[in-house]
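Asker: Provided below: entry.txt, containing compact mmCIF, C-alpha atoms.
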```
# COMPACT_ATOMS: atom_id res chain seq x y z
CA MET H 140 86.16 89.60 103.12
CA ILE H 141 84.38 89.05 99.77
CA LYS H 142 85.38 92.50 98.51
CA ALA H 143 89.02 91.85 99.47
CA LEU H 144 89.04 88.53 97.65
CA LYS H 145 87.58 90.19 94.55
CA LEU H 146 90.33 92.83 94.67
CA PHE H 147 92.96 90.11 95.05
CA VAL H 148 91.61 88.23 92.04
CA ALA H 149 91.57 91.45 90.01
CA VAL H 150 95.20 92.17 90.90
CA MET H 151 96.28 88.67 89.92
CA PHE H 152 94.32 88.85 86.65
CA VAL H 153 95.90 92.13 85.60
CA SER H 154 99.30 90.78 86.68
CA ALA H 155 98.95 87.84 84.34
CA ILE H 156 98.20 90.22 81.45
CA ALA H 157 100.92 92.76 82.28
CA PHE H 158 103.68 90.22 82.80
CA GLY H 159 102.79 87.75 80.10
CA GLY H 160 105.27 89.26 77.65
CA ASN H 161 108.87 88.32 76.94
CA LYS H 162 112.20 89.77 78.04
CA ASP H 163 112.76 91.39 74.66
CA ARG H 164 110.78 94.36 76.04
CA GLN H 165 113.53 95.23 78.53
CA GLY H 166 114.80 98.78 78.18
CA GLU H 167 111.76 100.03 76.22
CA ALA H 168 109.93 101.82 79.08
CA GLY H 169 110.29 105.43 80.17
CA ALA H 170 109.35 107.41 83.29
CA SER H 171 111.98 105.47 85.22
CA GLU H 172 111.65 107.87 88.16
CA LEU H 173 108.60 105.79 89.12
CA LEU H 174 111.00 102.96 90.04
CA ILE H 175 112.85 105.10 92.60
CA ASN H 176 111.71 104.97 96.22
CA PRO H 177 111.93 108.59 97.47
CA TRP H 178 111.23 107.82 101.15
CA ALA H 179 113.90 107.58 103.84
CA GLN H 180 112.43 104.80 105.96
CA SER H 181 111.46 102.16 103.40
CA SER H 182 114.49 102.85 101.16
CA GLY H 183 116.68 101.71 104.07
CA TRP H 184 115.33 98.26 103.21
CA ASP H 185 115.69 99.10 99.50
CA GLY H 186 111.96 98.46 99.16
CA ILE H 187 112.14 94.86 100.36
CA ASN H 188 109.39 95.46 102.96
CA THR H 189 106.51 95.05 100.48
CA ALA H 190 104.68 92.82 102.96
CA CYS H 191 105.04 95.01 106.06
CA VAL H 192 105.34 98.63 104.88
CA LYS H 193 102.90 100.95 106.65
CA GLY H 194 101.67 104.52 106.30
CA ILE H 195 102.23 107.04 103.53
CA GLU H 196 105.46 105.37 102.33
CA SER H 197 103.37 102.43 101.13
CA LEU H 198 102.27 104.50 98.11
CA ASN H 199 105.63 103.69 96.46
CA LEU H 200 105.71 100.00 97.45
CA ASN H 201 102.39 98.41 98.38
CA VAL H 202 99.44 100.76 98.91
CA ALA H 203 97.70 98.21 101.14
CA GLY H 204 99.98 99.36 103.98
CA LEU H 205 98.30 102.78 103.94
CA ALA H 206 95.38 101.16 105.81
CA PHE H 207 97.56 100.88 108.94
CA THR H 208 97.44 104.67 109.42
CA THR H 209 95.69 105.13 112.77
CA LYS H 210 95.05 108.90 112.64
CA THR H 211 97.16 111.36 110.65
CA GLU H 212 100.66 111.09 109.18
CA ILE H 213 102.72 113.83 107.52
CA VAL H 214 106.09 112.99 105.93
CA PHE H 215 108.74 114.99 104.07
CA ALA H 216 111.87 113.50 102.47
CA HIS H 217 114.89 114.92 100.63
CA THR H 218 117.13 112.68 98.51
CA GLU H 219 120.56 113.26 96.97
CA TRP H 220 120.38 110.79 94.12
CA LEU H 221 123.70 109.27 93.02
CA SER H 222 125.76 111.87 94.86
CA GLY H 223 127.92 113.84 92.48
CA THR H 224 125.31 114.08 89.73
CA GLY H 225 123.52 117.07 91.28
CA ILE H 226 120.12 115.32 91.10
CA THR H 227 117.84 115.76 94.12
CA PHE H 228 114.30 114.65 95.02
CA ASN H 229 111.86 116.44 97.31
CA THR H 230 108.80 114.42 98.37
CA PHE H 231 105.83 115.31 100.55
CA GLY H 232 103.09 112.95 101.70
CA PHE H 233 99.96 113.11 103.82
CA SER H 234 97.56 110.41 105.01
CA GLN H 235 94.37 110.54 107.05
CA ASN H 236 92.25 107.82 108.64
CA LEU H 237 88.62 108.35 107.62
CA GLY H 238 87.13 105.85 110.05
CA LYS H 239 85.42 102.51 109.35
CA GLY H 240 88.72 101.09 108.13
CA GLY H 241 89.28 103.57 105.29
CA VAL H 242 92.40 105.71 104.81
CA ILE H 243 93.13 108.31 102.15
CA GLY H 244 96.64 109.43 101.21
CA ALA H 245 98.38 111.73 98.76
CA ASP H 246 101.97 112.53 97.84
CA VAL H 247 103.95 114.63 95.39
CA MET H 248 107.53 114.07 94.25
CA SER H 249 109.60 116.69 92.42
CA ILE H 250 113.00 116.03 90.83
CA ASP H 251 115.61 118.77 90.44
CA PHE H 252 118.32 118.12 87.84
CA GLY H 253 120.07 121.45 88.38
CA ASN H 254 121.07 123.71 85.48
CA ILE H 255 122.15 121.97 82.27
CA PRO H 256 123.98 123.93 79.52
CA ILE H 257 122.07 124.37 76.26
CA THR H 258 124.04 122.95 73.32
CA THR H 259 123.42 122.71 69.58
CA THR H 260 125.20 121.03 66.69
CA SER H 261 126.83 124.35 65.86
CA LEU H 262 127.64 125.17 69.52
CA PRO H 263 128.44 121.81 71.15
CA GLU H 264 130.27 123.55 74.03
CA GLY H 265 127.22 125.59 75.02
CA GLY H 266 127.21 129.32 75.68
CA LEU H 267 123.48 129.74 75.02
CA GLY H 268 122.39 129.60 78.66
CA ASN H 269 120.97 126.77 80.75
CA TYR H 270 117.79 124.76 81.07
CA SER H 271 116.39 122.60 83.86
CA PRO H 272 114.07 119.62 83.26
CA GLN H 273 111.01 119.41 85.49
CA TYR H 274 109.84 115.96 86.57
CA ILE H 275 106.83 115.78 88.89
CA ASN H 276 104.50 112.96 89.83
CA MET H 277 101.48 113.19 92.11
CA ALA H 278 99.49 110.35 93.64
CA LEU H 279 96.10 109.94 95.30
CA ALA H 280 95.42 106.69 97.15
CA TYR H 281 92.70 104.92 99.08
CA SER H 282 93.22 101.89 101.28
CA LYS H 283 90.87 99.90 103.47
CA VAL H 284 90.88 97.30 106.23
CA PHE H 285 88.67 94.47 104.93
CA SER H 286 89.16 92.21 107.96
CA ASN H 287 91.64 91.53 110.77
CA SER H 288 93.82 89.83 108.18
CA ILE H 289 93.26 91.52 104.81
CA TYR H 290 94.21 95.05 103.77
CA GLY H 291 93.97 96.44 100.24
CA GLY H 292 94.20 99.66 98.29
CA ILE H 293 94.62 101.45 94.98
CA VAL H 294 96.71 104.43 93.75
CA VAL H 295 96.09 106.84 90.87
CA ARG H 296 99.29 108.62 89.82
CA GLY H 297 99.87 111.45 87.37
CA VAL H 298 103.31 111.75 85.73
CA SER H 299 104.74 114.91 84.16
CA GLU H 300 108.11 115.27 82.40
CA SER H 301 109.11 118.50 80.67
CA ILE H 302 111.90 120.71 79.44
CA SER H 303 111.57 124.24 78.07
CA ASP H 304 110.13 123.21 74.71
CA ALA H 305 108.82 119.62 75.05
CA SER H 306 106.77 117.68 77.56
CA ALA H 307 104.99 114.39 78.21
CA LEU H 308 102.09 113.43 80.49
CA GLY H 309 101.00 110.03 81.75
CA LEU H 310 98.53 108.35 84.09
CA GLY H 311 99.30 105.20 86.07
CA PHE H 312 97.60 102.91 88.56
CA ASP H 313 98.86 100.75 91.43
CA ALA H 314 96.99 98.11 93.44
CA GLY H 315 98.11 96.04 96.39
CA ILE H 316 97.07 93.63 99.12
CA GLN H 317 98.61 92.67 102.45
CA TYR H 318 97.56 89.54 104.31
CA VAL H 319 98.42 89.16 108.00
CA THR H 320 98.05 85.86 109.83
CA GLY H 321 96.73 85.46 113.38
CA PRO H 322 94.93 87.90 115.72
CA LYS H 323 96.02 91.50 116.26
CA THR H 324 97.15 90.66 119.78
CA ASP H 325 99.85 88.35 118.36
CA PRO H 326 102.92 90.55 117.65
CA THR H 327 104.75 87.77 115.78
CA ARG H 328 102.30 87.61 112.92
CA ILE H 329 103.40 86.61 109.43
CA HIS H 330 102.82 89.21 106.70
CA PHE H 331 102.34 88.55 102.99
CA GLY H 332 102.10 91.24 100.35
CA ILE H 333 101.54 91.57 96.62
CA ALA H 334 101.54 94.83 94.66
CA LEU H 335 101.14 95.66 90.99
CA ARG H 336 102.57 99.05 90.07
CA ASN H 337 102.78 101.50 87.17
CA ILE H 338 100.04 100.13 84.92
CA GLY H 339 98.76 102.93 82.74
CA SER H 340 98.77 104.98 79.58
CA ARG H 341 101.58 105.31 77.06
CA MET H 342 103.44 108.61 77.17
CA HIS H 343 104.47 110.74 74.19
CA TYR H 344 106.63 113.85 74.02
CA GLY H 345 105.29 116.85 72.16
CA GLY H 346 105.84 120.60 71.89
CA ASP H 347 107.80 123.25 70.02
CA GLY H 348 111.02 121.30 70.45
CA LEU H 349 109.74 118.72 67.97
CA SER H 350 108.60 121.23 65.34
CA PHE H 351 110.40 123.03 62.50
CA ARG H 352 109.58 125.31 59.58
CA GLY H 353 109.65 123.91 56.07
CA GLN H 354 108.42 124.49 52.53
CA SER H 355 105.05 123.32 51.30
CA PRO H 356 105.08 120.53 48.67
CA GLN H 357 104.43 123.16 45.99
CA GLY H 358 107.19 125.38 47.40
CA ASP H 359 105.06 128.52 47.35
CA TYR H 360 104.83 129.05 51.13
CA THR H 361 106.38 127.89 54.40
CA MET H 362 104.67 125.89 57.11
CA THR H 363 105.39 124.69 60.64
CA LEU H 364 105.74 120.92 60.83
CA GLU H 365 105.80 118.76 63.97
CA GLN H 366 107.68 115.50 64.12
CA ARG H 367 105.98 112.51 65.70
CA SER H 368 107.64 111.14 68.81
CA GLN H 369 107.77 107.47 69.68
CA GLY H 370 105.50 106.55 72.59
CA PHE H 371 106.77 104.62 75.58
CA GLU H 372 105.25 102.54 78.37
CA LEU H 373 105.36 103.09 82.10
CA PRO H 374 107.84 100.78 83.92
CA SER H 375 105.30 98.25 85.24
CA LEU H 376 106.35 95.75 87.88
CA LEU H 377 105.00 93.17 90.30
CA ASN H 378 106.18 92.84 93.92
CA ILE H 379 105.58 89.69 95.98
CA GLY H 380 106.94 89.63 99.53
CA GLY H 381 106.72 88.20 103.01
CA SER H 382 107.92 89.16 106.49
CA TYR H 383 107.97 87.83 110.04
CA ASN H 384 108.29 89.61 113.40
CA PHE H 385 110.32 88.28 116.33
CA GLU H 386 109.41 89.88 119.67
CA LEU H 387 112.12 89.71 122.35
CA GLY H 388 111.84 90.67 126.01
CA GLY H 389 108.17 89.79 126.27
CA SER H 390 105.35 90.89 123.99
CA ALA H 391 103.75 93.02 126.74
CA GLN H 392 106.79 95.29 126.99
CA LYS H 393 107.50 95.31 123.24
CA THR H 394 111.12 96.15 124.10
CA HIS H 395 112.87 94.50 121.17
CA ARG H 396 111.55 93.58 117.75
CA ILE H 397 113.36 91.99 114.83
CA THR H 398 111.59 91.86 111.49
CA VAL H 399 112.97 89.83 108.60
CA ALA H 400 111.61 90.29 105.08
CA ALA H 401 112.04 88.89 101.59
CA ASN H 402 110.78 90.21 98.26
CA PHE H 403 110.66 89.22 94.61
CA CYS H 404 110.25 92.01 92.07
CA SER H 405 109.30 91.12 88.49
CA HIS H 406 109.99 93.98 86.08
CA SER H 407 108.36 94.09 82.66
CA PHE H 408 111.16 96.22 81.24
CA SER H 409 114.21 95.50 83.39
CA GLN H 410 116.00 92.80 85.38
CA ASP H 411 114.01 90.88 87.99
CA GLN H 412 115.23 91.30 91.58
CA VAL H 413 115.31 89.13 94.71
CA GLY H 414 115.86 90.88 98.03
CA LEU H 415 116.39 90.12 101.73
CA GLY H 416 116.26 92.61 104.60
CA ALA H 417 115.92 92.99 108.34
CA GLU H 418 114.98 95.67 110.88
CA TYR H 419 115.74 95.89 114.59
CA SER H 420 113.56 98.07 116.83
CA PHE H 421 114.04 99.16 120.44
CA LYS H 422 110.68 100.15 121.95
CA GLU H 423 109.61 101.39 118.50
CA MET H 424 111.75 104.46 119.18
CA ILE H 425 115.09 103.48 117.64
CA MET H 426 115.11 101.35 114.48
CA LEU H 427 118.01 100.05 112.42
CA ARG H 428 117.47 98.36 109.07
CA ALA H 429 119.39 96.97 106.10
CA GLY H 430 118.60 95.22 102.84
CA TYR H 431 120.18 93.70 99.77
CA ASN H 432 118.56 93.45 96.34
CA TYR H 433 120.14 91.03 93.88
CA GLU H 434 119.70 91.00 90.12
CA SER H 435 121.56 89.22 87.36
CA ASN H 436 125.18 90.39 86.90
CA ILE H 437 124.86 93.06 89.59
CA SER H 438 128.39 92.34 90.83
CA ASN H 439 129.92 92.58 87.35
CA LEU H 440 130.82 96.20 86.53
CA GLU H 441 130.98 95.52 82.79
CA THR H 442 127.70 93.66 82.29
CA ARG H 443 125.28 95.00 84.93
CA VAL H 444 122.61 97.45 83.82
CA THR H 445 122.31 99.63 86.93
CA ALA H 446 124.56 101.94 88.94
CA LEU H 447 123.00 100.66 92.17
CA THR H 448 124.94 97.78 93.74
CA GLY H 449 122.01 96.41 95.80
CA LEU H 450 123.10 97.22 99.38
CA SER H 451 121.15 99.65 101.55
CA GLY H 452 120.80 100.64 105.18
CA GLY H 453 119.04 103.15 107.38
CA LEU H 454 117.89 104.22 110.82
CA THR H 455 114.93 105.94 112.48
CA PHE H 456 114.47 107.90 115.70
CA MET H 457 110.88 108.32 116.93
CA VAL H 458 110.28 110.74 119.82
CA PRO H 459 106.87 110.90 121.56
CA LEU H 460 105.86 114.54 122.01
CA LYS H 461 103.54 113.48 124.82
CA LYS H 462 102.31 110.20 126.27
CA ASN H 463 99.96 108.40 123.89
CA GLY H 464 100.05 111.49 121.69
CA PRO H 465 101.85 112.81 118.60
CA LYS H 466 105.28 111.52 117.63
CA LEU H 467 108.12 113.17 115.75
CA GLY H 468 110.45 110.96 113.71
CA VAL H 469 113.67 111.40 111.79
CA ASP H 470 114.63 108.84 109.11
CA TYR H 471 117.86 108.33 107.18
CA SER H 472 118.86 105.86 104.47
CA TYR H 473 121.85 105.15 102.27
CA ARG H 474 121.87 103.16 99.01
CA SER H 475 125.23 102.11 97.59
CA SER H 476 126.21 102.64 93.98
CA ASN H 477 129.13 102.31 91.61
CA PRO H 478 129.98 104.70 90.03
CA PHE H 479 128.98 107.82 92.02
CA LYS H 480 128.91 108.05 95.80
CA GLY H 481 125.61 106.38 96.59
CA SER H 482 122.21 107.91 97.34
CA GLN H 483 121.22 109.45 100.67
CA THR H 484 117.73 110.28 101.90
CA LEU H 485 116.74 112.27 104.99
CA GLY H 486 113.14 112.31 106.14
CA LEU H 487 110.98 113.97 108.77
CA ARG H 488 107.65 112.52 109.90
CA ILE H 489 104.86 113.55 112.23
CA THR H 490 102.22 111.07 113.42
CA LEU H 491 99.18 112.41 115.25
```
Transcribe the structure of this file into C-alpha cells.

Answerer:
Amino acid sequence: MIKALKLFVAVMFVSAIAFGGNKDRQGEAGASELLINPWAQSSGWDGINTACVKGIESLNLNVAGLAFTTKTEIVFAHTEWLSGTGITFNTFGFSQNLGKGGVIGADVMSIDFGNIPITTTSLPEGGLGNYSPQYINMALAYSKVFSNSIYGGIVVRGVSESISDASALGLGFDAGIQYVTGPKTDPTRIHFGIALRNIGSRMHYGGDGLSFRGQSPQGDYTMTLEQRSQGFELPSLLNIGGSYNFELGGSAQKTHRITVAANFCSHSFSQDQVGLGAEYSFKEMIMLRAGYNYESNISNLETRVTALTGLSGGLTFMVPLKKNGPKLGVDYSYRSSNPFKGSQTLGLRITL
C-alpha cells in the first residue's frame, strides 16, 4: 500500500510539472504516432477505458492494467490508418505473470507508409525512384498488484523515425495507477485510473540528408557541412478516467455485463479531449463497445485540427479452447474520420 501511494504521488508530481505550461505549445511536439492506439479492442472505445483497460493493450493507455494479466497473453493487431492513405500499422505484444502480483509486458509497433516518390526542386514530379519511411517504437513494461484495490506500473519506450538519409531516436516513459473499490467478489466495482504518458527526451533528426559540401572560409578546399535540426518534444499527455460495471442476470452466472466509462485527456501539445464510452458483454464471450471523444471544434470541418471525428466502435469474440483453459479472441474496431474513410483495426489474441 505504501509503495503504491508513493508511486501515485510521484505520478501527480510529474504531472504538475509536465502540464504546467500554456497552450502556446500546441503543435510543437513530434512523434505523433505515440498518440495512436494500435490495438483493436481498446480502440473500439477510442481509448476511453483508461480506468478499466486490462492486459497488454494497457501499455498504450494505462500500464496499471497490465497487472490484471493472470498467466500469459499474446496479441497481434493490424491497422489500416485513415483508409485511402496507404498507411498501415502492425503491432505485436506479449505479457507474462511473474507471480507475487508482478507482470512484465513488451510490445513493438511498426508503421508502413508504402512507397513515396523521391522528388527534388529540379524534378518535382519524381522519376528518381521511391523511398519508404520507417517508424518503429518498442516498449518494455512492469506492473504490480499492490493491494486488492491498487494497481500500478511503468513503461519504458524507445522511438525510432527514419528515412533513407535522416533519422531520429527518442526515449519516453509512461506511468499509471488504477484504483478499484470494494472486494474482488463484487463484480460491480468502481474503477478509477490516472496515466501520464510520453514523458522523455527531446528528439533531433540527423544524417546525410542534412549535410552538404561547401567551400572553406579561405576558399582553398571543400568540406562537408551538416545543418542543425530543430529538436522537438514527445507528445506528453495525462489521462484521468473512471468506469462502473453493471452485472445483469445475477453475478454468479455473469451472463450480462455493461460497463460505462468516462475519460479526460489533457494534451500538452494538442486539444484536450473528453470522452464517454460503453461496452456490453455476454458471458465474456461476445463484447460490443462504442465511444465518443470530444474536443473543441471537432464538428467544424474548417476549424478542427484532426481528421478523426471522435466516434468509434468495435466488437470481440472470445472462444475457450478448453474448459478453464486457453482462449482465442478476435477483435475489430472502427474509428470514423473526415476526410478519408476511417481507420480499421483487426486483432488476434491468445490468453493462456

Asker: To one decimal place, how far is CA of Tyr344 in chain H from CA of Ser299 in chain H in Å?

Answerer: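 Calculated distance between CA of Tyr344 in chain H and CA of Ser299 in chain H is 10.4 Å.
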
Asker: With all atoms listed in the file as the atoms that count, which of H:Ile175, H:Leu376, H:Ala245, H:Ile195 lies nearest to Ile338 in chain H?

Answerer: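 Looking only at the distances to Ile338 in chain H, the closest residue turns out to be H:Leu376.
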
Asker: Find, counting all atoms listed in the file, the residue in H:Asn199, H:Asn337, H:Thr208, H:Ser350 that gets nearest to Asp185 in chain H.

Answerer: H:Asn199

Asker: Which is closer to Lys210 in chain H than all the others in H:Asn236, H:Phe228, H:Thr445, H:Asn436, using only C-alpha atoms?

Answerer: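 Once distances to Lys210 in chain H are computed over only C-alpha atoms, the minimum belongs to H:Asn236.
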
Asker: Please provide as a CSV table (one decimal) with C-alpha atoms, in the coordinates of the input all residues within 9 Å of Glu418 in chain H, with the sequence filter that same-chain residues fewer than 2 positions apart are discarded (counting only C-alpha atoms).

Answerer:
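So out.csv came out as:
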```csv
chain,number,residue,atom,x,y,z
H,184,TRP,CA,115.3,98.3,103.2
H,396,ARG,CA,111.6,93.6,117.8
H,397,ILE,CA,113.4,92.0,114.8
H,398,THR,CA,111.6,91.9,111.5
H,399,VAL,CA,113.0,89.8,108.6
H,400,ALA,CA,111.6,90.3,105.1
H,416,GLY,CA,116.3,92.6,104.6
H,420,SER,CA,113.6,98.1,116.8
H,426,MET,CA,115.1,101.4,114.5
H,427,LEU,CA,118.0,100.0,112.4
H,428,ARG,CA,117.5,98.4,109.1
H,429,ALA,CA,119.4,97.0,106.1
H,430,GLY,CA,118.6,95.2,102.8
```

Asker: When you look at range 278-289 of chain H with a cut-off of 9 Å (counting all atoms listed in the file), what residues show up, excluding the ones that are within fewer than 2 positions of it in the same chain? I need them as a ChimeraX atom specification.

Answerer: /H:140-144,198,202-207,234,239-248,276,291-298,313,316-323

Asker: For a test of reading the model, state the distance in Å between CA of Lys466 in chain H and CA of Ser197 in chain H, rounded to one decimal.

Answerer: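 Here the two named atoms are 18.9 Å from each other.
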
Asker: How far is it from CA of Ser303 in chain H to CA of Leu221 in chain H, in Å with one decimal?

Answerer: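 A separation of 24.4 Å between them.
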
Asker: Which is closer to Lys461 in chain H than all the others in H:Arg443, H:Thr490, H:Lys480, H:Thr189, using only C-alpha atoms?

Answerer: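 Going through H:Arg443, H:Thr490, H:Lys480, H:Thr189 one by one, the smallest distance to Lys461 in chain H is for H:Thr490.
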
Asker: For Leu174 in chain H, which of H:Tyr431, H:Tyr419, H:Phe408, H:Phe456 is the closest residue, counting all atoms listed in the file?

Answerer: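 Of H:Tyr431, H:Tyr419, H:Phe408, H:Phe456, the one nearest Leu174 in chain H, counting all atoms listed in the file, is H:Phe408.
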
Asker: Kindly indicate which residue among H:Ile275, H:Ile329, H:Met457, H:Cys404 lies nearest to Tyr383 in chain H, using all atoms listed in the file for the distances.

Answerer: H:Ile329

Asker: Which polymer residues, whether protein, DNA or RNA, lie within 8 Å of the coordinate (99.0, 112.8, 110.9) when you count all atoms listed in the file? List them as a list in words, using the chain letters and numbers from the file.

Answerer: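 In the file's frame, the residues around the point are Lys210, Thr211, Glu212, Ile213, Phe233, Ser234, Gln235, Ile489, Thr490 and Leu491 of chain H.
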
Asker: When you look at range 217-220 of chain H with a cut-off of 6 Å (counting all atoms listed in the file), what residues show up, excluding the ones that are within fewer than 4 positions of it in the same chain? I need them as a list of chain:residue names.

Answerer: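 Selected residues are H:Ile226, H:Thr227, H:Phe228, H:Asn229, H:Ser482, H:Gln483, H:Thr484, H:Leu485.
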
Asker: Can you list, as a list of chain:residue names, every protein, DNA or RNA residue that comes within 7 Å of Tyr270 in chain H when you count only C-alpha atoms, leaving out same-chain residues fewer than 2 positions away?

Answerer: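 Near Tyr270 in chain H, the qualifying residues are H:Asn254, H:Ile255, H:Pro256, H:Ile257, H:Pro272, H:Ser303.
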
Asker: Any idea what's packed within 9 Å of range 370-373 of chain H, counting all atoms listed in the file, ignoring anything in its chain fewer than 3 positions away? Could you give it as a list in words?

Answerer: Glu167, Ala168, Gly169, Ala170, Ser171, Leu173, Gly309, Leu310, Gly311, Asn337, Ile338, Gly339, Ser340, Arg341, Met342, His343 and Tyr344 of chain H
